[in-house]
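The structure appears below as structure tokens.
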Amino acid sequence: MEKITVIKGFKDILPEDTPHWRRVESIAREVFDTFGFREIRVPIMEKTELFKRSIGETTDIVEKEMYTFADRDNEYITLRPEATASIIRAYIEHNMSAAEPVTKLFTMGPMFRRERPQKGRFRQFHQINVELFGDDKPQSDVEIILMLIHFLELTGLTGLALEINSLGCRACRPAFSKAVVDYLKGSEKGLCPDCQRRIVTNPLRVFDCKVETCGAIIARAPRILDYLCPGCKEHFDEVKSCLDEQNVKYTVNPKMVRGLDYYVKTAFEVKSGSLGAQNSLAGGGRYDGLVSDLGGPQTPGIGFGVGIERLLSCLPELEKGQYKTDVFIAALGPQAQKIGFKLTCDLRRAGIAAAMDYSGKSLKSQMKRADKLNSSYTLIFGDKEIYEKRLELRNMRTKDQQAIPLDGLLASLIKIIKER
RNA sequence: GUGGGUGUAGCUCAAUUGGUUAGAGUGCCGGGUUGUGGCCCCGGAGGCUGAGGGUUCAAGUCCCUUCACUCACCCCA
């Protein structure tokens, strides 16, 4: 039979790796708890319309990367390419804005984008997402950024670089866009075909282009920061000084535009050198018009996403996940097997990680299995001869062994192991 | 969607300019030794060399096709 393999760009997370996932996830939950965020879990599929309206029709994500299907009733549904849209949908649907002025949420889980896989980029990948609704003050931008940095550092990451920018708002961006378009049209023939197309479709994306000839042209293009309206400028200045007060290092990158249309004002990314080409492990920004665009009340919002795979790949020297066994029962002979099985079950009910080998193979092979399972103690006993009258409890690390009386065996085992 | 690289045992890799039965380490299974596992010794299983076609007396090796993986572009976490 031919074997069936995973879908391209999808990955199994193996037992040797899941401990690191669990660690990162639990650090996230702890940090976010202390910052006052609560966990929300939203579906991994939504109506396609939700993403079209939030992310933007002309973005790469919507144009060519979404997993979109016609459901059996011919409604179009999409595997989520990001989480913000779903969270906002839920925020609106459950009327959270009416219940409290500020709502702080986070979620984590798989996202799906049909790109060509490479280092740090998969078709199914995992993100931790944080969103803050109902506060348009710069302090909330800083709160979010601080929390992100704090979380990343707690996971053990070093050498992080924070980049920030302001993308302006709906008041000031049109003037800037026009200035960019005018400028680009002047040197249109020097641009790559993609950028020429972008002039019409989405001019700001030109800033992301890495083609050298485009870079030279872009370097002299108008800067968004020179076009900010007084409100946006004040907001951005406040964000920067507030970050300074908190001793957070950052660089202003006026060319950072981000690939989702909904961002306004503050945008930020955290990069790491050890990632190869996909060096951005977290990114986010403000999206003040998005809630109303999706049919909710006029509500400011800001949030970020962290790529878990990328985060983990930046962590140094991860140990592989091992079995964790408190006690291994090596039982020799049918009678001993029977007693051993009962003992194993009792120990497990008492919260002790017990294991045994049901095959009844040689002691040597059972001891090998105990070693493989990383057992702290191994209890050896059998039907005959030297094992008849007593049981030996062996400490696998120190090789010490001690006899355990048959009376009250379970109780003394539990005592020894718990006191370890 | 566009380029480059790589496909040999479960894993990591060997195999002269094309040359006989494709090897080693590790892991797995069994045995010996050790007070009863680790160290050591012996043995065993495990391969259509990614797949298909071609050149040749002869292909893991050269050519074509295809698939998979991988890196990069685009874009993003």
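Going by the structure tokens order, chains are called A, B, ..., each with residues numbered from 1, while ligands are numbered from 1 in the order shown.
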
Helix (DSSP H, G or I) call set, DSSP backbone run, segment 25-246 of chain A, as a ChimeraX atom specification: /A:25-34,48-55,60-65,84-93,96-99,138-154,173-186,188-190,193-201,203-208,212-219,224-226,230-245

Expected answer as a ChimeraX atom specification: chain A residues within 6 Å of chain B, only C-alpha atoms (C1' of nucleotides): /A:281-282,306-307,364,367-368

Restricting the output to N, CA, C and O atoms, write the selected residues as a compact mmCIF listing (two decimals), in the first residue's frame.
# COMPACT_ATOMS: atom_id res chain seq x y z
N LEU A 281 9.36 37.75 13.93
CA LEU A 281 8.66 36.73 14.70
C LEU A 281 7.42 37.25 15.39
O LEU A 281 6.65 36.47 15.92
N ALA A 282 7.23 38.55 15.37
CA ALA A 282 5.98 39.10 15.88
C ALA A 282 5.70 40.42 15.18
O ALA A 282 6.62 41.13 14.81
N VAL A 306 2.17 36.68 17.35
CA VAL A 306 3.51 36.10 17.48
C VAL A 306 3.50 34.75 16.79
O VAL A 306 2.61 33.95 17.02
N GLY A 307 4.48 34.50 15.96
CA GLY A 307 4.58 33.20 15.30
C GLY A 307 5.28 32.22 16.22
O GLY A 307 6.44 32.39 16.56
N LYS A 364 16.46 -8.30 31.71
CA LYS A 364 17.36 -7.38 30.99
C LYS A 364 16.57 -6.46 30.08
O LYS A 364 16.77 -5.25 30.04
N MET A 367 14.52 -3.98 32.03
CA MET A 367 15.33 -2.91 32.60
C MET A 367 15.70 -1.89 31.52
O MET A 367 15.78 -0.70 31.76
N LYS A 368 15.89 -2.39 30.35
CA LYS A 368 16.21 -1.51 29.23
C LYS A 368 15.02 -0.59 28.95
O LYS A 368 15.18 0.60 28.70

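Taking atom CA of Ile224 of chain A and atom CA of Lys255 of chain A as endpoints, the distance between them is 8.4 Å.
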
12 Å contact set for U65 of chain B, only C-alpha atoms (C1' of nucleotides), chain neighbours under 4 positions out, as a ChimeraX atom specification: /B:51-54

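Distances here use only C-alpha atoms (C1' of nucleotides); by that measure, the residue among B:G30, B:G3, B:A58, B:U49 closest to A15 of chain B is B:U49.
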
Close residues, segment 256-272 of chain A itself excluded, 6 Å, only C-alpha atoms (C1' of nucleotides), min 4 positions apart in chain, as a ChimeraX atom specification: /A:55-56,160-169,279-287

Run DSSP on the backbone and tell me which residues of segment 68-276 of chain A come out as strand (DSSP E); list them as a CSV table (one decimal) with all heavy atoms, in the first residue's frame.
chain,number,residue,atom,x,y,z
A,68,THR,N,-10.0,28.6,0.8
A,68,THR,CA,-11.4,29.0,0.7
A,68,THR,C,-12.1,27.8,0.0
A,68,THR,O,-11.7,27.3,-1.0
A,68,THR,CB,-11.6,30.3,-0.1
A,68,THR,OG1,-11.0,31.3,0.7
A,68,THR,CG2,-13.1,30.6,-0.2
A,69,PHE,N,-13.3,27.4,0.6
A,69,PHE,CA,-14.0,26.3,0.0
A,69,PHE,C,-15.5,26.7,0.0
A,69,PHE,O,-16.0,27.5,0.8
A,69,PHE,CB,-13.9,25.1,0.9
A,69,PHE,CG,-12.5,24.7,1.3
A,69,PHE,CD1,-11.9,25.2,2.4
A,69,PHE,CD2,-11.8,23.9,0.4
A,69,PHE,CE1,-10.6,24.9,2.7
A,69,PHE,CE2,-10.5,23.6,0.7
A,69,PHE,CZ,-9.9,24.1,1.9
A,70,ALA,N,-16.2,26.1,-1.0
A,70,ALA,CA,-17.6,26.2,-0.9
A,70,ALA,C,-18.1,25.1,0.0
A,70,ALA,O,-17.8,23.9,-0.2
A,70,ALA,CB,-18.2,26.0,-2.3
A,76,TYR,N,-19.4,30.2,1.0
A,76,TYR,CA,-18.0,30.2,1.0
A,76,TYR,C,-17.4,30.4,2.4
A,76,TYR,O,-17.8,31.4,3.1
A,76,TYR,CB,-17.4,31.3,0.0
A,76,TYR,CG,-17.4,30.7,-1.4
A,76,TYR,CD1,-18.5,31.0,-2.2
A,76,TYR,CD2,-16.4,29.9,-1.8
A,76,TYR,CE1,-18.5,30.4,-3.5
A,76,TYR,CE2,-16.4,29.4,-3.1
A,76,TYR,CZ,-17.4,29.7,-3.9
A,76,TYR,OH,-17.4,29.1,-5.2
A,77,ILE,N,-16.5,29.5,2.8
A,77,ILE,CA,-15.9,29.6,4.1
A,77,ILE,C,-14.4,29.5,3.9
A,77,ILE,O,-13.9,28.9,2.9
A,77,ILE,CB,-16.4,28.5,5.1
A,77,ILE,CG1,-16.3,27.1,4.4
A,77,ILE,CG2,-17.9,28.7,5.4
A,77,ILE,CD1,-16.7,26.0,5.3
A,78,THR,N,-13.7,30.0,4.9
A,78,THR,CA,-12.2,30.1,4.8
A,78,THR,C,-11.6,29.7,6.1
A,78,THR,O,-12.0,30.1,7.1
A,78,THR,CB,-11.8,31.6,4.4
A,78,THR,OG1,-12.3,31.9,3.1
A,78,THR,CG2,-10.3,31.7,4.4
A,79,LEU,N,-10.5,28.9,5.9
A,79,LEU,CA,-9.6,28.6,7.1
A,79,LEU,C,-8.9,29.9,7.4
A,79,LEU,O,-8.2,30.4,6.6
A,79,LEU,CB,-8.6,27.5,6.6
A,79,LEU,CG,-8.6,26.1,7.2
A,79,LEU,CD1,-9.9,25.6,7.7
A,79,LEU,CD2,-8.0,25.1,6.3
A,103,THR,N,-11.8,46.2,26.5
A,103,THR,CA,-11.8,44.7,26.4
A,103,THR,C,-10.5,44.2,26.0
A,103,THR,O,-10.0,44.7,25.0
A,103,THR,CB,-12.9,44.2,25.5
A,103,THR,OG1,-14.2,44.7,25.9
A,103,THR,CG2,-13.0,42.7,25.5
A,104,LYS,N,-9.9,43.3,26.8
A,104,LYS,CA,-8.6,42.8,26.5
A,104,LYS,C,-8.6,41.3,26.3
A,104,LYS,O,-9.0,40.6,27.2
A,104,LYS,CB,-7.6,43.2,27.6
A,104,LYS,CG,-7.5,44.7,27.7
A,104,LYS,CD,-7.0,45.1,29.1
A,104,LYS,CE,-5.5,45.2,29.1
A,104,LYS,NZ,-4.9,45.8,30.4
A,105,LEU,N,-8.2,40.9,25.1
A,105,LEU,CA,-8.4,39.4,24.8
A,105,LEU,C,-7.1,38.9,24.2
A,105,LEU,O,-6.3,39.6,23.6
A,105,LEU,CB,-9.5,39.3,23.7
A,105,LEU,CG,-10.9,39.8,24.1
A,105,LEU,CD1,-11.8,39.8,22.9
A,105,LEU,CD2,-11.5,39.0,25.2
A,106,PHE,N,-6.9,37.6,24.4
A,106,PHE,CA,-5.9,36.9,23.6
A,106,PHE,C,-6.4,35.5,23.2
A,106,PHE,O,-7.3,35.0,23.8
A,106,PHE,CB,-4.6,36.8,24.4
A,106,PHE,CG,-4.6,35.8,25.6
A,106,PHE,CD1,-4.2,34.5,25.4
A,106,PHE,CD2,-5.0,36.2,26.8
A,106,PHE,CE1,-4.2,33.6,26.4
A,106,PHE,CE2,-5.0,35.3,27.9
A,106,PHE,CZ,-4.6,33.9,27.7
A,107,THR,N,-5.7,34.9,22.2
A,107,THR,CA,-6.0,33.6,21.8
A,107,THR,C,-4.8,33.0,21.2
A,107,THR,O,-3.8,33.7,20.9
A,107,THR,CB,-7.2,33.6,20.7
A,107,THR,OG1,-7.7,32.3,20.5
A,107,THR,CG2,-6.7,34.1,19.3
A,108,MET,N,-4.8,31.7,21.0
A,108,MET,CA,-3.6,31.0,20.3
A,108,MET,C,-4.1,29.8,19.5
A,108,MET,O,-5.1,29.2,19.9
A,108,MET,CB,-2.5,30.6,21.3
A,108,MET,CG,-3.0,30.0,22.6
A,108,MET,SD,-1.6,29.7,23.7
A,108,MET,CE,-1.5,31.2,24.6
A,109,GLY,N,-3.5,29.6,18.4
A,109,GLY,CA,-3.9,28.4,17.6
A,109,GLY,C,-3.4,28.5,16.2
A,109,GLY,O,-2.6,29.4,15.9
A,110,PRO,N,-3.8,27.5,15.4
A,110,PRO,CA,-3.3,27.4,14.0
A,110,PRO,C,-3.9,28.4,13.1
A,110,PRO,O,-5.1,28.8,13.2
A,110,PRO,CB,-3.7,26.0,13.6
A,110,PRO,CG,-5.0,25.7,14.4
A,110,PRO,CD,-4.8,26.5,15.7
A,111,MET,N,-3.1,28.9,12.1
A,111,MET,CA,-3.5,29.8,11.1
A,111,MET,C,-3.1,29.1,9.7
A,111,MET,O,-2.2,28.3,9.7
A,111,MET,CB,-2.8,31.1,11.1
A,111,MET,CG,-2.9,31.8,12.5
A,111,MET,SD,-4.6,32.3,12.9
A,111,MET,CE,-4.4,32.4,14.7
A,112,PHE,N,-3.8,29.5,8.7
A,112,PHE,CA,-3.5,28.8,7.4
A,112,PHE,C,-3.3,29.8,6.2
A,112,PHE,O,-4.2,30.7,6.0
A,112,PHE,CB,-4.7,27.9,7.1
A,112,PHE,CG,-5.1,27.0,8.2
A,112,PHE,CD1,-5.9,27.3,9.3
A,112,PHE,CD2,-4.6,25.7,8.2
A,112,PHE,CE1,-6.1,26.5,10.3
A,112,PHE,CE2,-4.8,24.8,9.2
A,112,PHE,CZ,-5.6,25.2,10.3
A,124,GLN,N,0.3,25.7,7.5
A,124,GLN,CA,-0.4,25.7,8.8
A,124,GLN,C,0.7,26.2,9.8
A,124,GLN,O,1.7,25.5,9.9
A,124,GLN,CB,-1.0,24.4,9.2
A,124,GLN,CG,-1.7,24.6,10.5
A,124,GLN,CD,-2.1,23.3,11.2
A,124,GLN,OE1,-1.2,22.6,11.7
A,124,GLN,NE2,-3.3,22.9,11.3
A,125,PHE,N,0.5,27.3,10.4
A,125,PHE,CA,1.4,27.8,11.4
A,125,PHE,C,0.6,28.2,12.6
A,125,PHE,O,-0.6,28.3,12.6
A,125,PHE,CB,2.3,28.9,10.9
A,125,PHE,CG,1.6,30.1,10.4
A,125,PHE,CD1,1.5,31.2,11.2
A,125,PHE,CD2,0.9,30.1,9.2
A,125,PHE,CE1,0.8,32.3,10.8
A,125,PHE,CE2,0.2,31.3,8.8
A,125,PHE,CZ,0.2,32.4,9.6
A,126,HIS,N,1.3,28.5,13.7
A,126,HIS,CA,0.6,28.8,14.9
A,126,HIS,C,0.9,30.2,15.4
A,126,HIS,O,2.1,30.6,15.4
A,126,HIS,CB,0.9,27.8,16.0
A,126,HIS,CG,0.4,26.4,15.6
A,126,HIS,ND1,1.0,25.6,14.7
A,126,HIS,CD2,-0.7,25.7,16.1
A,126,HIS,CE1,0.3,24.5,14.6
A,126,HIS,NE2,-0.7,24.5,15.4
A,127,GLN,N,-0.1,30.9,15.9
A,127,GLN,CA,0.1,32.2,16.4
A,127,GLN,C,-0.5,32.4,17.8
A,127,GLN,O,-1.5,31.8,18.1
A,127,GLN,CB,-0.6,33.2,15.4
A,127,GLN,CG,0.4,33.9,14.5
A,127,GLN,CD,-0.4,34.9,13.6
A,127,GLN,OE1,-1.4,34.6,13.0
A,127,GLN,NE2,0.1,36.2,13.7
A,128,ILE,N,0.2,33.3,18.5
A,128,ILE,CA,-0.5,33.8,19.7
A,128,ILE,C,-0.9,35.2,19.4
A,128,ILE,O,-0.1,36.0,18.9
A,128,ILE,CB,0.6,33.8,20.9
A,128,ILE,CG1,1.1,32.4,21.2
A,128,ILE,CG2,-0.1,34.4,22.1
A,128,ILE,CD1,2.2,32.3,22.2
A,129,ASN,N,-2.2,35.5,19.6
A,129,ASN,CA,-2.7,36.8,19.3
A,129,ASN,C,-3.3,37.6,20.5
A,129,ASN,O,-3.9,37.0,21.3
A,129,ASN,CB,-3.8,36.7,18.3
A,129,ASN,CG,-3.3,36.5,16.9
A,129,ASN,OD1,-3.0,35.4,16.5
A,129,ASN,ND2,-3.1,37.6,16.2
A,130,VAL,N,-3.0,38.9,20.5
A,130,VAL,CA,-3.5,39.7,21.6
A,130,VAL,C,-4.2,40.9,21.0
A,130,VAL,O,-3.7,41.5,20.0
A,130,VAL,CB,-2.3,40.2,22.4
A,130,VAL,CG1,-2.8,41.2,23.4
A,130,VAL,CG2,-1.7,39.0,23.2
A,131,GLU,N,-5.4,41.2,21.5
A,131,GLU,CA,-6.1,42.4,21.0
A,131,GLU,C,-6.6,43.2,22.2
A,131,GLU,O,-7.0,42.7,23.2
A,131,GLU,CB,-7.3,41.9,20.2
A,131,GLU,CG,-7.1,40.8,19.2
A,131,GLU,CD,-6.2,41.1,18.0
A,131,GLU,OE1,-6.0,42.3,17.8
A,131,GLU,OE2,-5.7,40.2,17.4
A,132,LEU,N,-6.6,44.5,22.0
A,132,LEU,CA,-7.1,45.4,23.0
A,132,LEU,C,-8.1,46.4,22.4
A,132,LEU,O,-7.7,47.1,21.5
A,132,LEU,CB,-5.9,46.2,23.7
A,132,LEU,CG,-6.2,47.1,24.9
A,132,LEU,CD1,-4.8,47.3,25.6
A,132,LEU,CD2,-6.8,48.4,24.6
A,133,PHE,N,-9.3,46.4,22.8
A,133,PHE,CA,-10.4,47.2,22.2
A,133,PHE,C,-10.8,48.3,23.2
A,133,PHE,O,-10.8,48.1,24.4
A,133,PHE,CB,-11.6,46.4,22.0
A,133,PHE,CG,-11.4,45.2,21.0
A,133,PHE,CD1,-11.2,43.9,21.4
A,133,PHE,CD2,-11.3,45.5,19.6
A,133,PHE,CE1,-11.0,42.9,20.5
A,133,PHE,CE2,-11.1,44.5,18.7
A,133,PHE,CZ,-10.9,43.2,19.2
A,160,LEU,N,16.7,40.6,20.4
A,160,LEU,CA,15.5,41.0,19.7
A,160,LEU,C,15.6,42.5,19.3
A,160,LEU,O,16.3,43.3,20.0
A,160,LEU,CB,14.3,40.9,20.6
A,160,LEU,CG,14.0,39.5,21.1
A,160,LEU,CD1,12.9,39.5,22.2
A,160,LEU,CD2,13.7,38.5,20.0
A,161,ALA,N,15.0,42.8,18.2
A,161,ALA,CA,15.0,44.2,17.7
A,161,ALA,C,13.6,44.6,17.4
A,161,ALA,O,12.9,44.0,16.7
A,161,ALA,CB,15.8,44.3,16.4
A,162,LEU,N,13.2,45.7,18.1
A,162,LEU,CA,11.9,46.2,17.9
A,162,LEU,C,11.9,47.4,16.9
A,162,LEU,O,12.7,48.3,17.0
A,162,LEU,CB,11.3,46.7,19.3
A,162,LEU,CG,10.0,47.5,19.3
A,162,LEU,CD1,8.9,46.7,18.9
A,162,LEU,CD2,9.8,48.2,20.6
A,163,GLU,N,11.0,47.3,15.9
A,163,GLU,CA,10.9,48.4,15.0
A,163,GLU,C,9.5,48.9,15.0
A,163,GLU,O,8.5,48.2,15.1
A,163,GLU,CB,11.2,47.8,13.5
A,163,GLU,CG,12.6,47.4,13.3
A,163,GLU,CD,12.9,47.0,11.9
A,163,GLU,OE1,12.0,47.1,11.1
A,163,GLU,OE2,14.0,46.7,11.6
A,164,ILE,N,9.4,50.2,15.0
A,164,ILE,CA,8.1,50.8,15.0
A,164,ILE,C,7.9,51.8,13.9
A,164,ILE,O,8.9,52.3,13.3
A,164,ILE,CB,7.8,51.5,16.4
A,164,ILE,CG1,8.8,52.7,16.6
A,164,ILE,CG2,7.8,50.6,17.5
A,164,ILE,CD1,8.4,53.6,17.8
A,165,ASN,N,6.7,52.2,13.6
A,165,ASN,CA,6.4,53.2,12.6
A,165,ASN,C,5.0,53.7,12.8
A,165,ASN,O,4.2,53.1,13.6
A,165,ASN,CB,6.5,52.5,11.2
A,165,ASN,CG,6.5,53.6,10.1
A,165,ASN,OD1,6.9,54.7,10.3
A,165,ASN,ND2,6.1,53.2,8.9
A,166,SER,N,4.7,54.8,12.2
A,166,SER,CA,3.3,55.2,12.2
A,166,SER,C,2.8,55.2,10.7
A,166,SER,O,3.5,55.7,9.8
A,166,SER,CB,3.1,56.6,12.8
A,166,SER,OG,1.8,57.0,12.7
A,251,THR,N,13.9,51.0,17.0
A,251,THR,CA,14.3,51.8,15.9
A,251,THR,C,13.0,52.2,15.1
A,251,THR,O,12.1,51.4,15.0
A,251,THR,CB,15.3,51.2,15.0
A,251,THR,OG1,14.7,49.9,14.5
A,251,THR,CG2,16.6,50.8,15.7
A,252,VAL,N,13.0,53.4,14.6
A,252,VAL,CA,11.9,53.8,13.8
A,252,VAL,C,12.2,53.4,12.3
A,252,VAL,O,13.3,53.8,11.8
A,252,VAL,CB,11.6,55.3,13.9
A,252,VAL,CG1,10.6,55.8,12.9
A,252,VAL,CG2,11.3,55.7,15.3
A,264,VAL,N,-3.6,51.3,11.2
A,264,VAL,CA,-3.4,52.7,11.1
A,264,VAL,C,-2.5,53.1,12.3
A,264,VAL,O,-2.3,52.3,13.2
A,264,VAL,CB,-4.8,53.5,11.3
A,264,VAL,CG1,-5.7,53.2,10.1
A,264,VAL,CG2,-5.5,53.1,12.6
A,265,LYS,N,-2.0,54.3,12.2
A,265,LYS,CA,-1.1,54.8,13.3
A,265,LYS,C,0.0,53.8,13.6
A,265,LYS,O,0.7,53.4,12.7
A,265,LYS,CB,-1.9,55.2,14.5
A,265,LYS,CG,-2.9,56.3,14.3
A,265,LYS,CD,-3.5,56.8,15.6
A,265,LYS,CE,-4.5,58.0,15.4
A,265,LYS,NZ,-5.3,58.3,16.5
A,266,THR,N,0.1,53.4,14.8
A,266,THR,CA,1.2,52.6,15.3
A,266,THR,C,1.3,51.2,14.6
A,266,THR,O,0.3,50.5,14.6
A,266,THR,CB,1.2,52.4,16.8
A,266,THR,OG1,1.0,53.7,17.4
A,266,THR,CG2,2.5,51.9,17.3
A,267,ALA,N,2.5,50.9,14.1
A,267,ALA,CA,2.7,49.6,13.6
A,267,ALA,C,4.1,49.1,14.1
A,267,ALA,O,4.9,50.0,14.3
A,267,ALA,CB,2.7,49.5,12.1
A,268,PHE,N,4.2,47.9,14.5
A,268,PHE,CA,5.5,47.4,15.0
A,268,PHE,C,5.8,46.0,14.6
A,268,PHE,O,4.9,45.2,14.3
A,268,PHE,CB,5.5,47.6,16.5
A,268,PHE,CG,4.3,46.9,17.2
A,268,PHE,CD1,4.5,45.6,17.8
A,268,PHE,CD2,3.1,47.5,17.4
A,268,PHE,CE1,3.4,45.0,18.4
A,268,PHE,CE2,2.0,46.9,18.0
A,268,PHE,CZ,2.2,45.6,18.5
A,269,GLU,N,7.1,45.7,14.7
A,269,GLU,CA,7.5,44.3,14.4
A,269,GLU,C,8.7,44.0,15.4
A,269,GLU,O,9.4,44.9,15.7
A,269,GLU,CB,8.0,44.2,13.0
A,269,GLU,CG,7.0,43.8,12.0
A,269,GLU,CD,7.5,43.6,10.6
A,269,GLU,OE1,8.7,43.2,10.5
A,269,GLU,OE2,6.8,44.0,9.7
A,270,VAL,N,8.8,42.7,15.7
A,270,VAL,CA,10.0,42.3,16.5
A,270,VAL,C,10.7,41.3,15.6
A,270,VAL,O,10.1,40.3,15.1
A,270,VAL,CB,9.6,41.6,17.8
A,270,VAL,CG1,10.8,41.1,18.5
A,270,VAL,CG2,8.9,42.6,18.7
A,271,LYS,N,12.0,41.5,15.4
A,271,LYS,CA,12.8,40.7,14.5
A,271,LYS,C,13.9,40.0,15.3
A,271,LYS,O,14.3,40.5,16.4
A,271,LYS,CB,13.4,41.5,13.4
A,271,LYS,CG,12.4,42.1,12.5
A,271,LYS,CD,13.0,42.9,11.4
A,271,LYS,CE,11.9,43.4,10.5
A,271,LYS,NZ,12.4,44.1,9.3
A,272,SER,N,14.4,38.9,14.8
A,272,SER,CA,15.5,38.2,15.4
A,272,SER,C,16.5,37.9,14.3
A,272,SER,O,16.1,37.5,13.2
A,272,SER,CB,15.1,37.0,16.1
A,272,SER,OG,16.2,36.2,16.4

Spatial neighbours of Glu16 of chain A, 8 Å, only C-alpha atoms (C1' of nucleotides), chain gap at least 4 places, as a list of chain:residue names: A:Lys320, A:Gly321, A:Gln322

Generate the output file for the selected residues, C-alpha atoms, as a compact mmCIF listing (two decimals), in the first residue's frame.
# COMPACT_ATOMS: atom_id res chain seq x y z
CA LYS A 320 14.13 16.86 23.36
CA GLY A 321 11.07 15.85 25.32
CA GLN A 322 11.54 12.57 27.20

Near-segment 20-27 of chain B list (9 Å; only C-alpha atoms (C1' of nucleotides); drop same-chain fewer than 3 positions) as a PyMOL selection string: chain B and resi 8+10-15+47+49+60

Residue neighbourhood segment 83-86 of chain A, 7 Å, only C-alpha atoms (C1' of nucleotides), exclusion window fewer than 2 positions, as a PyMOL selection string: chain A and resi 42+50-51+54+80+88-90+129

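Picture a line from atom CA of Phe122 of chain A to atom CA of Leu157 of chain A; it runs 21.4 Å.
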
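The coordinates place atom CA of Pro222 of chain A at 6.7 Å from atom CA of Ala179 of chain A.
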